[in-house]
file structure-v4.cif (mmCIF, C-alpha atoms)
data_upload
loop_
_atom_site.label_atom_id
_atom_site.label_comp_id
_atom_site.auth_asym_id
_atom_site.auth_seq_id
_atom_site.Cartn_x
_atom_site.Cartn_y
_atom_site.Cartn_z
CA MET A 25 101.11 140.18 75.55
CA ASP A 26 102.74 143.53 76.07
CA PHE A 27 106.44 142.95 76.52
CA ALA A 28 107.45 146.56 76.00
CA GLY A 29 104.95 147.78 78.56
CA ALA A 30 105.73 145.04 81.07
CA TYR A 31 109.46 145.70 80.84
CA SER A 32 109.21 149.49 81.05
CA TRP A 33 111.61 150.76 83.67
CA PRO A 34 109.08 151.37 86.51
CA ASN A 35 107.58 147.91 86.06
CA LEU A 36 110.93 146.25 85.53
CA SER A 37 112.41 147.78 88.65
CA PHE A 38 109.29 146.77 90.57
CA ILE A 39 109.81 143.15 89.56
CA LEU A 40 113.51 143.30 90.35
CA GLN A 41 112.81 144.86 93.75
CA GLY A 42 110.54 141.92 94.44
CA PHE A 43 113.30 139.52 93.51
CA GLY A 44 115.66 141.42 95.79
CA MET A 45 113.22 140.79 98.64
CA THR A 46 113.00 137.13 97.60
CA LEU A 47 116.78 136.77 97.74
CA LEU A 48 117.04 138.60 101.08
CA VAL A 49 114.36 136.51 102.78
CA ALA A 50 115.85 133.34 101.29
CA ALA A 51 119.38 134.20 102.39
CA LEU A 52 118.32 134.85 105.99
CA ALA A 53 116.06 131.81 106.10
CA ILE A 54 118.84 129.63 104.68
CA LEU A 55 121.23 130.87 107.36
CA PHE A 56 118.81 130.42 110.27
CA SER A 57 117.37 127.12 109.08
CA PHE A 58 120.87 125.74 108.52
CA ILE A 59 121.82 126.59 112.09
CA LEU A 60 118.54 125.25 113.47
CA GLY A 61 118.69 122.15 111.28
CA ASN A 62 122.20 121.31 112.42
CA ILE A 63 121.31 121.74 116.09
CA LEU A 64 118.18 119.60 115.76
CA GLY A 65 119.93 117.02 113.59
CA ILE A 66 122.82 116.59 115.98
CA LEU A 67 120.46 116.40 118.97
CA ARG A 68 118.44 113.70 117.22
CA TYR A 69 121.57 111.79 116.20
CA ALA A 70 123.02 111.93 119.70
CA ARG A 71 120.04 109.95 121.00
CA ILE A 72 119.70 111.92 124.21
CA LEU A 73 117.22 110.19 126.53
CA VAL A 74 113.84 111.92 126.21
CA LEU A 75 114.82 114.93 124.13
CA SER A 76 115.68 113.11 120.93
CA ARG A 77 112.41 111.20 120.77
CA LEU A 78 110.40 114.32 121.58
CA LEU A 79 112.25 116.26 118.90
CA ALA A 80 111.68 113.42 116.44
CA ILE A 81 107.93 113.66 116.94
CA MET A 82 107.86 117.45 116.66
CA ILE A 83 110.08 117.44 113.58
CA ASP A 84 107.93 114.78 111.92
CA LEU A 85 104.80 116.83 112.60
CA ILE A 86 106.32 119.98 111.09
CA ARG A 87 107.66 118.14 108.06
CA ASN A 88 104.22 116.73 107.32
CA LEU A 89 102.44 120.09 107.35
CA PRO A 90 102.15 122.44 104.39
CA LEU A 91 104.66 125.29 104.54
CA LEU A 92 101.85 127.66 103.61
CA LEU A 93 100.07 126.70 106.81
CA ILE A 94 103.21 127.22 108.89
CA ILE A 95 103.82 130.67 107.39
CA PHE A 96 100.18 131.60 108.01
CA PHE A 97 100.53 130.35 111.56
CA SER A 98 103.61 132.52 112.14
CA TYR A 99 101.87 135.64 110.90
CA ILE A 100 98.30 135.21 112.13
CA VAL A 101 98.37 132.93 115.14
CA LEU A 102 101.54 134.10 116.90
CA PRO A 103 100.13 137.59 117.53
CA GLN A 104 97.28 135.92 119.44
CA LEU A 105 99.93 134.36 121.64
CA GLY A 106 101.65 137.69 122.10
CA ILE A 107 104.36 137.54 119.40
CA LYS A 108 103.72 140.16 116.73
CA LEU A 109 105.78 139.71 113.58
CA THR A 110 105.96 141.74 110.41
CA PRO A 111 105.36 139.81 107.18
CA PHE A 112 109.13 139.87 106.62
CA TRP A 113 109.96 138.21 109.94
CA ALA A 114 106.91 135.94 109.93
CA ALA A 115 108.01 134.60 106.55
CA ILE A 116 111.56 134.06 107.81
CA ALA A 117 110.25 132.43 111.00
CA GLY A 118 107.96 130.05 109.12
CA LEU A 119 110.63 129.20 106.55
CA THR A 120 113.27 128.69 109.24
CA LEU A 121 111.03 126.34 111.21
CA PHE A 122 109.93 124.22 108.25
CA GLU A 123 113.21 124.09 106.38
CA GLY A 124 115.05 123.64 109.68
CA ALA A 125 113.00 120.50 110.28
CA MET A 126 113.80 119.29 106.75
CA ILE A 127 117.49 120.04 107.17
CA SER A 128 117.57 118.29 110.55
CA GLU A 129 116.58 115.10 108.76
CA ILE A 130 119.34 115.61 106.17
CA VAL A 131 121.87 116.25 108.94
CA ARG A 132 120.73 113.26 110.97
CA SER A 133 120.98 110.83 108.07
CA GLY A 134 124.27 112.41 106.99
CA LEU A 135 125.72 111.80 110.45
CA ALA A 136 124.26 108.30 110.55
CA SER A 137 125.86 107.47 107.21
CA VAL A 138 129.36 107.84 108.64
CA ASP A 139 130.67 104.39 109.39
CA ARG A 140 130.46 103.36 113.05
CA GLY A 141 134.03 102.15 112.80
CA GLN A 142 135.15 105.76 112.59
CA ILE A 143 133.50 106.56 115.92
CA GLU A 144 134.90 103.43 117.56
CA ALA A 145 138.42 104.11 116.28
CA ALA A 146 138.27 107.74 117.38
CA ARG A 147 136.94 106.93 120.85
CA SER A 148 139.48 104.17 121.35
CA SER A 149 142.33 106.54 120.47
CA GLY A 150 141.17 108.71 123.35
CA LEU A 151 139.06 111.40 121.66
CA GLY A 152 136.04 112.60 123.62
CA TYR A 153 132.53 112.47 122.13
CA ILE A 154 132.51 116.13 121.16
CA GLN A 155 136.03 115.97 119.73
CA THR A 156 135.02 112.93 117.67
CA MET A 157 132.05 114.80 116.32
CA ARG A 158 134.04 117.93 115.53
CA HIS A 159 137.08 116.41 113.85
CA ILE A 160 135.97 113.05 112.48
CA ILE A 161 132.23 112.74 111.97
CA LEU A 162 130.98 116.21 111.07
CA PRO A 163 133.54 116.86 108.29
CA GLN A 164 132.71 113.58 106.57
CA ALA A 165 128.99 113.97 107.14
CA LEU A 166 128.98 117.54 105.79
CA ARG A 167 130.50 116.37 102.52
CA ARG A 168 127.71 113.81 102.06
CA MET A 169 125.03 116.28 103.07
CA MET A 170 126.00 118.83 100.42
CA PRO A 171 123.78 117.67 97.52
CA PRO A 172 120.55 117.23 99.51
CA LEU A 173 121.33 120.46 101.41
CA VAL A 174 121.70 122.50 98.23
CA SER A 175 118.54 120.86 96.97
CA GLN A 176 116.77 122.03 100.11
CA PHE A 177 118.15 125.56 99.70
CA ILE A 178 116.81 125.65 96.16
CA SER A 179 113.43 124.58 97.52
CA LEU A 180 113.65 127.29 100.14
CA LEU A 181 114.26 129.98 97.55
CA LYS A 182 111.20 128.82 95.63
CA ASP A 183 109.13 128.54 98.81
CA THR A 184 109.63 132.22 99.63
CA SER A 185 106.89 132.75 97.06
CA LEU A 186 104.40 131.29 99.54
CA ALA A 187 104.81 134.39 101.69
CA ILE A 188 102.59 136.07 99.11
CA VAL A 189 99.68 135.06 101.33
CA ILE A 190 100.93 137.34 104.11
CA SER A 191 101.58 140.17 101.65
CA LEU A 192 105.34 139.96 101.69
CA PRO A 193 106.46 142.15 98.77
CA GLU A 194 108.52 139.45 97.11
CA ILE A 195 108.63 138.90 93.36
CA MET A 196 105.44 136.87 92.86
CA HIS A 197 103.50 139.42 94.90
CA ASN A 198 104.78 142.22 92.69
CA VAL A 199 104.03 140.21 89.56
CA GLN A 200 100.46 139.80 90.76
CA ILE A 201 100.18 143.55 91.24
CA LEU A 202 101.41 144.15 87.71
CA GLN A 203 98.65 141.88 86.49
CA GLY A 204 96.25 144.30 88.14
CA HIS A 205 97.66 147.15 86.07
CA SER A 206 97.13 145.32 82.81
CA PRO A 207 96.45 141.67 82.00
CA ASN A 208 98.82 141.99 79.06
CA TYR A 209 101.73 142.40 81.45
CA ILE A 210 101.30 139.08 83.19
CA ILE A 211 102.96 136.65 80.78
CA PRO A 212 106.06 138.78 80.18
CA ALA A 213 106.28 139.34 83.94
CA LEU A 214 105.93 135.61 84.65
CA ILE A 215 108.60 134.83 82.06
CA LEU A 216 111.01 137.30 83.67
CA ALA A 217 110.29 135.92 87.14
CA ALA A 218 110.81 132.37 85.87
CA LEU A 219 114.13 133.30 84.28
CA LEU A 220 115.33 134.98 87.48
CA TYR A 221 114.42 131.98 89.65
CA PHE A 222 115.88 129.61 87.09
CA ALA A 223 119.14 131.53 86.86
CA VAL A 224 119.75 131.44 90.60
CA ASN A 225 118.58 127.87 91.20
CA TYR A 226 120.30 126.36 88.20
CA THR A 227 123.54 128.06 89.25
CA LEU A 228 123.15 126.66 92.76
CA SER A 229 122.63 123.15 91.42
CA ILE A 230 125.69 123.43 89.15
CA ILE A 231 127.77 124.59 92.13
CA ALA A 232 126.45 121.63 94.12
CA ARG A 233 127.40 119.21 91.37
CA ARG A 234 130.91 120.70 91.13
CA LEU A 235 131.38 120.54 94.90
CA GLU A 236 130.20 116.94 95.05
CA ALA A 237 132.56 115.90 92.25
CA ARG A 238 135.58 117.65 93.76
CA ARG A 239 135.38 116.61 97.37
CA ILE A 240 134.73 112.91 97.08
CA MET B 4 90.57 136.62 124.57
CA THR B 5 90.33 135.75 120.93
CA GLY B 6 93.31 133.44 121.11
CA ARG B 7 91.62 130.77 123.18
CA PHE B 8 91.19 127.34 121.72
CA ASN B 9 87.52 126.73 121.00
CA ILE B 10 86.83 123.28 119.57
CA HIS B 11 83.15 124.17 118.98
CA ILE B 12 83.91 125.87 115.71
CA LEU B 13 84.80 122.47 114.28
CA PHE B 14 81.14 121.53 114.67
CA ASP B 15 79.72 124.95 113.84
CA HIS B 16 81.63 125.09 110.57
CA TRP B 17 81.75 121.36 109.94
CA ASP B 18 80.41 121.73 106.41
CA ARG B 19 83.14 124.12 105.29
CA PHE B 20 85.94 122.15 106.92
CA LEU B 21 84.65 119.03 105.19
CA LEU B 22 84.25 120.77 101.84
CA GLY B 23 87.81 122.06 101.98
CA PHE B 24 89.09 118.64 103.06
CA VAL B 25 87.29 116.90 100.20
CA HIS B 26 88.51 119.42 97.64
CA THR B 27 92.07 119.04 98.90
CA ILE B 28 91.80 115.27 98.44
CA GLU B 29 90.19 115.68 95.02
CA SER B 30 92.83 118.08 93.79
CA SER B 31 95.63 115.89 95.13
CA ALA B 32 94.19 112.73 93.57
CA ILE B 33 93.63 114.28 90.14
CA ALA B 34 97.07 115.93 90.19
CA LEU B 35 98.69 112.70 91.30
CA ILE B 36 97.24 110.61 88.48
CA GLY B 37 97.89 113.34 85.94
CA SER B 38 101.46 114.01 87.06
CA PHE B 39 102.18 110.28 87.16
CA ILE B 40 101.09 109.83 83.54
CA LEU B 41 102.74 113.07 82.40
CA GLY B 42 105.88 112.28 84.40
CA THR B 43 106.16 108.83 82.84
CA ILE B 44 105.84 110.27 79.33
CA ILE B 45 108.48 112.90 80.06
CA ALA B 46 110.82 110.35 81.65
CA VAL B 47 110.63 108.22 78.52
CA MET B 48 111.23 111.34 76.41
CA ARG B 49 114.28 112.18 78.51
CA ILE B 50 115.97 108.87 77.77
CA SER B 51 114.78 108.71 74.20
CA PRO B 52 117.43 108.47 71.47
CA VAL B 53 115.29 110.83 69.37
CA LYS B 54 117.15 114.12 69.89
CA PRO B 55 114.19 116.58 69.79
CA LEU B 56 112.21 114.45 72.29
CA ASN B 57 115.23 114.11 74.51
CA TRP B 58 115.82 117.86 74.46
CA MET B 59 112.16 118.68 75.16
CA GLY B 60 112.00 116.29 78.09
CA THR B 61 115.21 117.62 79.59
CA ALA B 62 114.17 121.23 79.09
CA TYR B 63 110.83 120.57 80.77
CA VAL B 64 112.36 118.94 83.82
CA GLU B 65 115.21 121.41 84.27
CA PHE B 66 112.96 124.43 83.82
CA ILE B 67 109.96 123.42 85.94
CA ARG B 68 112.09 122.01 88.76
CA ASN B 69 113.83 125.33 89.26
CA ILE B 70 110.79 127.61 89.40
CA PRO B 71 108.22 127.87 92.19
CA LEU B 72 104.93 126.01 92.09
CA LEU B 73 103.16 129.33 92.51
CA LEU B 74 104.64 130.58 89.27
CA VAL B 75 103.29 127.57 87.38
CA VAL B 76 99.87 128.00 89.01
CA PHE B 77 99.87 131.73 88.20
CA PHE B 78 100.53 130.85 84.58
CA PHE B 79 97.30 128.85 84.52
CA PHE B 80 95.30 131.21 86.73
CA LEU B 81 96.48 134.62 85.47
CA GLY B 82 98.39 133.92 82.27
CA LEU B 83 95.92 131.80 80.33
CA PRO B 84 92.98 134.16 80.92
CA SER B 85 95.05 136.95 79.37
CA LEU B 86 95.31 134.73 76.29
CA GLY B 87 91.56 134.19 76.30
CA VAL B 88 91.34 130.92 78.28
CA PRO B 89 89.71 131.65 81.65
CA LEU B 90 90.24 129.01 84.32
CA ASP B 91 88.81 128.87 87.84
CA GLY B 92 90.94 128.51 90.94
CA PHE B 93 90.50 124.79 91.48
CA THR B 94 91.30 123.88 87.86
CA SER B 95 94.31 126.14 87.51
CA GLY B 96 95.64 125.07 90.90
CA THR B 97 95.26 121.38 90.06
CA LEU B 98 96.79 121.81 86.60
CA GLY B 99 99.68 123.72 88.12
CA LEU B 100 100.20 120.98 90.71
CA MET B 101 100.12 118.39 87.94
CA VAL B 102 102.64 120.12 85.67
CA TYR B 103 104.96 120.92 88.60
CA THR B 104 104.91 117.50 90.27
CA ALA B 105 105.28 115.76 86.89
CA SER B 106 108.81 117.14 86.56
CA PHE B 107 109.87 115.58 89.87
CA ILE B 108 108.16 112.29 89.14
CA ALA B 109 109.80 112.26 85.71
CA GLU B 110 113.20 112.49 87.37
CA SER B 111 112.37 109.65 89.77
CA ILE B 112 111.09 107.40 87.01
CA ARG B 113 114.07 108.23 84.79
CA ALA B 114 116.41 107.12 87.58
CA GLY B 115 114.34 103.97 87.94
CA ILE B 116 114.44 103.21 84.21
CA GLN B 117 118.20 103.58 84.17
CA THR B 118 118.46 101.12 87.05
CA VAL B 119 116.66 98.42 85.09
CA PRO B 120 119.35 96.33 83.33
CA SER B 121 119.62 97.24 79.65
CA GLY B 122 119.58 93.56 78.83
CA GLN B 123 115.84 93.66 79.47
CA MET B 124 115.32 96.14 76.65
CA GLU B 125 117.62 94.23 74.32
CA ALA B 126 115.95 90.89 75.01
CA ALA B 127 112.48 92.35 74.57
CA ARG B 128 113.37 94.04 71.28
CA ALA B 129 114.98 90.80 70.09
CA THR B 130 111.74 88.92 70.68
CA GLY B 131 109.92 91.40 68.44
CA LEU B 132 108.39 93.88 70.90
CA THR B 133 108.42 97.51 69.84
CA TYR B 134 110.13 100.18 71.93
CA ILE B 135 106.81 101.38 73.38
CA GLN B 136 105.63 97.84 74.15
CA THR B 137 108.90 97.10 75.92
CA MET B 138 108.60 100.27 77.94
CA LEU B 139 105.01 99.65 78.92
CA HIS B 140 105.21 95.95 79.75
CA ILE B 141 108.79 95.27 80.75
CA VAL B 142 110.87 98.29 81.75
CA LEU B 143 108.42 100.73 83.36
CA PRO B 144 106.80 98.22 85.75
CA GLN B 145 110.22 97.31 87.10
CA ALA B 146 111.41 100.92 87.17
CA ILE B 147 108.37 102.10 89.07
CA LYS B 148 108.64 99.33 91.63
CA ILE B 149 112.23 100.42 92.28
CA VAL B 150 111.38 104.08 92.80
CA LEU B 151 108.03 103.59 94.56
CA PRO B 152 109.27 105.12 97.85
CA SER B 153 110.58 108.19 96.04
CA ILE B 154 107.34 108.61 94.08
CA SER B 155 105.34 108.20 97.27
CA ASN B 156 107.39 111.00 98.82
CA GLN B 157 106.41 113.16 95.87
CA PHE B 158 102.80 112.29 96.58
CA ILE B 159 103.16 113.51 100.16
CA ASN B 160 104.70 116.73 98.83
CA LEU B 161 101.81 117.01 96.42
CA VAL B 162 99.23 116.83 99.21
CA LYS B 163 101.09 119.54 101.11
CA ASN B 164 101.52 121.62 97.95
CA SER B 165 97.76 121.41 97.27
CA SER B 166 97.51 124.24 99.81
CA ILE B 167 98.63 126.50 96.95
CA LEU B 168 94.98 126.40 95.86
CA ALA B 169 94.26 128.86 98.66
CA VAL B 170 96.26 131.55 96.84
CA VAL B 171 93.99 131.28 93.78
CA ALA B 172 90.69 130.79 95.63
CA GLY B 173 90.76 127.09 94.83
CA LEU B 174 88.23 126.09 97.50
CA ASP B 175 90.67 123.86 99.34
CA LEU B 176 91.26 123.40 103.08
CA MET B 177 93.48 126.50 103.47
CA TYR B 178 90.99 128.61 101.52
CA TYR B 179 88.09 127.64 103.76
CA ALA B 180 90.28 128.05 106.81
CA ASP B 181 90.71 131.68 105.83
CA LEU B 182 86.94 132.11 105.49
CA ILE B 183 86.19 130.41 108.79
CA ASN B 184 88.87 132.51 110.47
CA ALA B 185 87.26 135.64 109.05
CA ASP B 186 83.95 134.60 110.61
CA THR B 187 85.19 133.40 113.98
CA PHE B 188 88.41 135.37 114.65
CA LEU B 189 89.88 132.29 116.29
CA PRO B 190 92.98 131.68 114.17
CA LEU B 191 94.68 129.44 116.72
CA THR B 192 91.77 127.00 116.72
CA VAL B 193 91.05 127.20 113.02
CA TYR B 194 94.60 126.63 111.86
CA THR B 195 95.32 123.97 114.47
CA LEU B 196 92.26 122.07 113.22
CA VAL B 197 93.43 122.57 109.63
CA ALA B 198 96.85 121.25 110.62
CA LEU B 199 95.18 118.15 112.06
CA PHE B 200 93.23 117.64 108.83
CA TYR B 201 96.45 117.77 106.82
CA LEU B 202 98.17 115.40 109.23
CA ILE B 203 95.31 112.92 108.75
CA LEU B 204 96.35 112.83 105.09
CA THR B 205 100.11 113.12 105.29
CA LEU B 206 101.08 111.15 108.40
CA PRO B 207 99.70 107.78 107.18
CA LEU B 208 101.38 108.34 103.82
CA SER B 209 104.61 109.24 105.59
CA LEU B 210 104.49 106.10 107.70
CA ALA B 211 103.69 104.02 104.62
CA VAL B 212 106.77 105.44 102.85
CA GLN B 213 109.00 104.70 105.86
CA TYR B 214 107.63 101.16 105.90
CA MET B 215 108.24 100.79 102.15
CA GLU B 216 111.80 102.06 102.45
CA ARG B 217 112.55 99.58 105.20
CA ARG B 218 111.03 96.68 103.28
CA PHE B 219 112.78 97.52 100.05
CA SER B 220 116.20 98.04 101.57
CA SER B 221 116.03 94.81 103.56
CA ALA B 222 114.99 92.96 100.40
CA ASP B 223 118.27 94.00 98.78
CA HIS B 224 120.32 92.40 101.52
#
call {"tool": "encode", "arguments": {"input": "structure-v4.cif", "output": "structure tokens"}}
result
Amino acid sequence: MDFAGAYSWPNLSFILQGFGMTLLVAALAILFSFILGNILGILRYARILVLSRLLAIMIDLIRNLPLLLIIFFSYIVLPQLGIKLTPFWAAIAGLTLFEGAMISEIVRSGLASVDRGQIEAARSSGLGYIQTMRHIILPQALRRMMPPLVSQFISLLKDTSLAIVISLPEIMHNVQILQGHSPNYIIPALILAALLYFAVNYTLSIIARRLEARRI
Amino acid sequence: MTGRFNIHILFDHWDRFLLGFVHTIESSAIALIGSFILGTIIAVMRISPVKPLNWMGTAYVEFIRNIPLLLVVFFFFLGLPSLGVPLDGFTSGTLGLMVYTASFIAESIRAGIQTVPSGQMEAARATGLTYIQTMLHIVLPQAIKIVLPSISNQFINLVKNSSILAVVAGLDLMYYADLINADTFLPLTVYTLVALFYLILTLPLSLAVQYMERRFSSADH
């Protein structure tokens, strides 16, 4: 195990660059999947005639497939259908789709957990459906969704590593390259990568715990 | 046009699809049993009054839960060989799956154990059973029944996560998909078929979990 060699500045900056890519892809995917997940979740909750059931089936299919497969699909199959994506955007597309489906389920059950009495009271005081959603249901639901949402975001950050199969230069990809330079670099590199992931994810989970404790 | 859907490759490459499918099931089954046993041990360590055990269990769960599965698998596939222990793709992938999933199962079982009334432990100890005997025969069976839906969800995740074997040439479904795609240049067909294979495994499990959750929640009321 060559710690000094593995942590030499060129290698160290290579690993950190990879983590920068990891964070960037994760941040974008979190943003897009959150938006998509909310849209899908609200559509499913609203029980619109055919759409909700159709969405339910599609979401269930996506949730039951490996994310690796979905990322591969985005990068390799979409070009055959005319949509060419770089590894960066294919990774974000695959992550957005999968995590969006996961988040839609969190959103749907979060909305469903708000007591029906709230809806009835709001409607009977004259609020329209959309107003009820905006001012009464969504705020309460969002509070309950926070812990599973943060959990999903943590998963998303870890899942960016799957984009290694489409050669996205994120941290695990760079770590694998270092291993090619010298097998003695691999364990120090893995330890550094683990610490970086741990630092970010543990912080996120602490923030989630604080938020949950405060807002209830 | 190479993007057309051509079902014939399912029959032309039947042997490789099947081999990948079987290896995926094998890896998932071994990892499930292993992570269940390991997870139970770690859960018991986590609630143990023996400080070092408690700390080790907690450290394991907190650390492994926050790092990617790929990192754990790389440790077995790339790290161990550098220390003189060479492992093939299937073994390192399955071990990685086991170690990773165990941390999540440990958390589920810990929550289950803490739901079992403490009176059970007290009564059992009072009748002369040791701590381990009480755990094995009284507390754990009840705990596991309580968290069965959550553990089953972990199993579904495990089957999906088994695709990580493809990254380390673990001879699973995704790995063979890549080979078949390289031979046929029909990625739409190949990966759609692979998706169907995975759904054959995960959809029934998913439905079973939904059924379990409904049964268990109605039993409470």
call {"tool": "closest_atom_pairs", "arguments": {"input": "structure-v4.cif", "of": "chain B", "to": "chain A", "cutoff": "10 Å", "atoms": "only C-alpha atoms", "output": "tab-separated table"}}
result
residue	atom	partner	partner_atom	distance
B:Met4	CA	A:Gln104	CA	8.5
B:Thr5	CA	A:Gln104	CA	7.1
B:Gly6	CA	A:Gln104	CA	5.0
B:Arg7	CA	A:Gln104	CA	8.5
B:Glu65	CA	A:Tyr226	CA	8.1
B:Phe66	CA	A:Phe222	CA	6.8
B:Ile67	CA	A:Phe222	CA	8.6
B:Arg68	CA	A:Phe222	CA	8.7
B:Asn69	CA	A:Phe222	CA	5.2
B:Ile70	CA	A:Tyr221	CA	5.7
B:Pro71	CA	A:Lys182	CA	4.6
B:Leu72	CA	A:Lys182	CA	7.7
B:Leu73	CA	A:Ser185	CA	6.8
B:Leu74	CA	A:Leu214	CA	7.0
B:Val75	CA	A:Leu214	CA	8.9
B:Phe77	CA	A:Leu214	CA	8.0
B:Phe78	CA	A:Leu214	CA	7.2
B:Leu81	CA	A:Ile210	CA	7.0
B:Gly82	CA	A:Ile211	CA	5.5
B:Leu83	CA	A:Ile211	CA	8.6
B:Pro84	CA	A:Pro207	CA	8.3
B:Ser85	CA	A:Pro207	CA	5.6
B:Leu86	CA	A:Met25	CA	8.0
B:Ile159	CA	A:Asn88	CA	7.9
B:Asn160	CA	A:Pro90	CA	8.4
B:Leu161	CA	A:Pro90	CA	9.6
B:Val162	CA	A:Pro90	CA	8.2
B:Lys163	CA	A:Pro90	CA	4.5
B:Asn164	CA	A:Pro90	CA	6.5
B:Ser165	CA	A:Pro90	CA	8.4
B:Ser166	CA	A:Leu92	CA	6.7
B:Ile167	CA	A:Leu92	CA	7.5
B:Ala169	CA	A:Val189	CA	8.7
B:Val170	CA	A:Val189	CA	6.6
B:Met177	CA	A:Leu93	CA	7.4
B:Ala180	CA	A:Leu93	CA	9.9
B:Asp181	CA	A:Phe96	CA	9.7
B:Asn184	CA	A:Ile100	CA	9.9
B:Leu189	CA	A:Val101	CA	8.6
B:Pro190	CA	A:Val101	CA	5.6
B:Leu191	CA	A:Val101	CA	5.3
B:Thr192	CA	A:Val101	CA	9.0
B:Val193	CA	A:Val101	CA	9.5
B:Tyr194	CA	A:Phe97	CA	7.0
B:Thr195	CA	A:Phe97	CA	8.7
B:Val197	CA	A:Leu93	CA	8.3
B:Ala198	CA	A:Leu89	CA	6.6
B:Leu199	CA	A:Leu89	CA	8.9
B:Phe200	CA	A:Leu89	CA	9.6
B:Tyr201	CA	A:Leu89	CA	6.4
B:Leu202	CA	A:Asn88	CA	6.5
B:Ile203	CA	A:Asn88	CA	9.8
B:Leu204	CA	A:Asn88	CA	9.1
B:Thr205	CA	A:Asn88	CA	5.8
B:Leu206	CA	A:Asn88	CA	6.5
B:Leu208	CA	A:Asn88	CA	9.5
B:Ser209	CA	A:Asn88	CA	7.7
call {"tool": "resolve_selection", "arguments": {"input": "structure-v4.cif", "expression": "the PyMOL selection byres ((chain B and resi 30) around 12)", "output": "PyMOL selection string"}}
result
chain B and resi 23-29+31-38+92-101+158+161-169+173-176
call {"tool": "atom_distance", "arguments": {"input": "structure-v4.cif", "atom1": "CA of Ile147 (chain B)", "atom2": "CA of Ile112 (chain B)"}}
result
6.3 Å
call {"tool": "residues_near_point", "arguments": {"input": "structure-v4.cif", "point": "(120.5, 118.4, 102.5)", "cutoff": "10 Å", "atoms": "only C-alpha atoms", "output": "list in words"}}
result
Phe58, Gly61, Met126, Ile127, Ser128, Glu129, Ile130, Val131, Arg132, Ser133, Gly134, Leu166, Arg168, Met169, Met170, Pro171, Pro172, Leu173, Val174, Ser175, Gln176 and Phe177 of chain A
call {"tool": "atom_distance", "arguments": {"input": "structure-v4.cif", "atom1": "CA of Ile116 (chain A)", "atom2": "CA of Ile59 (chain A)"}}
result
13.4 Å
call {"tool": "resolve_selection", "arguments": {"input": "structure-v4.cif", "expression": "the PyMOL selection byres ((chain B and resi 115) around 9)", "output": "MDAnalysis selection string"}}
result
chainID B and resid 110:114 116:119 143 145:150
call {"tool": "atom_distance", "arguments": {"input": "structure-v4.cif", "atom1": "CA of Ala46 (chain B)", "atom2": "CA of Met215 (chain B)"}}
result
22.8 Å
call {"tool": "decode", "arguments": {"input": "structure-v4.cif", "residues": "region 123-134 of chain B", "atoms": "N, CA and C atoms", "output": "mmCIF file, in the first residue's frame"}}
result
data_model
loop_
_atom_site.group_PDB
_atom_site.id
_atom_site.type_symbol
_atom_site.label_atom_id
_atom_site.label_comp_id
_atom_site.auth_asym_id
_atom_site.auth_seq_id
_atom_site.Cartn_x
_atom_site.Cartn_y
_atom_site.Cartn_z
ATOM 1 N N GLN B 123 -40.060 -9.404 27.078
ATOM 2 C CA GLN B 123 -39.721 -10.715 26.526
ATOM 3 C C GLN B 123 -38.322 -11.134 26.957
ATOM 4 N N MET B 124 -37.375 -10.194 26.789
ATOM 5 C CA MET B 124 -35.987 -10.493 27.152
ATOM 6 C C MET B 124 -35.893 -10.764 28.645
ATOM 7 N N GLU B 125 -36.538 -9.913 29.432
ATOM 8 C CA GLU B 125 -36.468 -10.055 30.886
ATOM 9 C C GLU B 125 -37.025 -11.403 31.324
ATOM 10 N N ALA B 126 -38.217 -11.750 30.795
ATOM 11 C CA ALA B 126 -38.848 -13.010 31.172
ATOM 12 C C ALA B 126 -37.965 -14.188 30.782
ATOM 13 N N ALA B 127 -37.414 -14.134 29.592
ATOM 14 C CA ALA B 127 -36.579 -15.243 29.119
ATOM 15 C C ALA B 127 -35.340 -15.405 29.985
ATOM 16 N N ARG B 128 -34.672 -14.262 30.281
ATOM 17 C CA ARG B 128 -33.488 -14.347 31.141
ATOM 18 C C ARG B 128 -33.875 -14.898 32.501
ATOM 19 N N ALA B 129 -35.047 -14.478 33.015
ATOM 20 C CA ALA B 129 -35.471 -14.929 34.346
ATOM 21 C C ALA B 129 -35.704 -16.425 34.378
ATOM 22 N N THR B 130 -36.102 -17.017 33.253
ATOM 23 C CA THR B 130 -36.308 -18.458 33.239
ATOM 24 C C THR B 130 -35.022 -19.211 32.970
ATOM 25 N N GLY B 131 -33.883 -18.489 32.895
ATOM 26 C CA GLY B 131 -32.600 -19.182 32.817
ATOM 27 C C GLY B 131 -31.959 -19.219 31.434
ATOM 28 N N LEU B 132 -32.620 -18.658 30.408
ATOM 29 C CA LEU B 132 -32.011 -18.654 29.085
ATOM 30 C C LEU B 132 -30.867 -17.642 29.040
ATOM 31 N N THR B 133 -29.820 -17.974 28.285
ATOM 32 C CA THR B 133 -28.736 -17.001 28.134
ATOM 33 C C THR B 133 -29.169 -15.924 27.146
ATOM 34 N N TYR B 134 -28.362 -14.864 27.071
ATOM 35 C CA TYR B 134 -28.643 -13.760 26.156
ATOM 36 C C TYR B 134 -28.781 -14.265 24.725
#
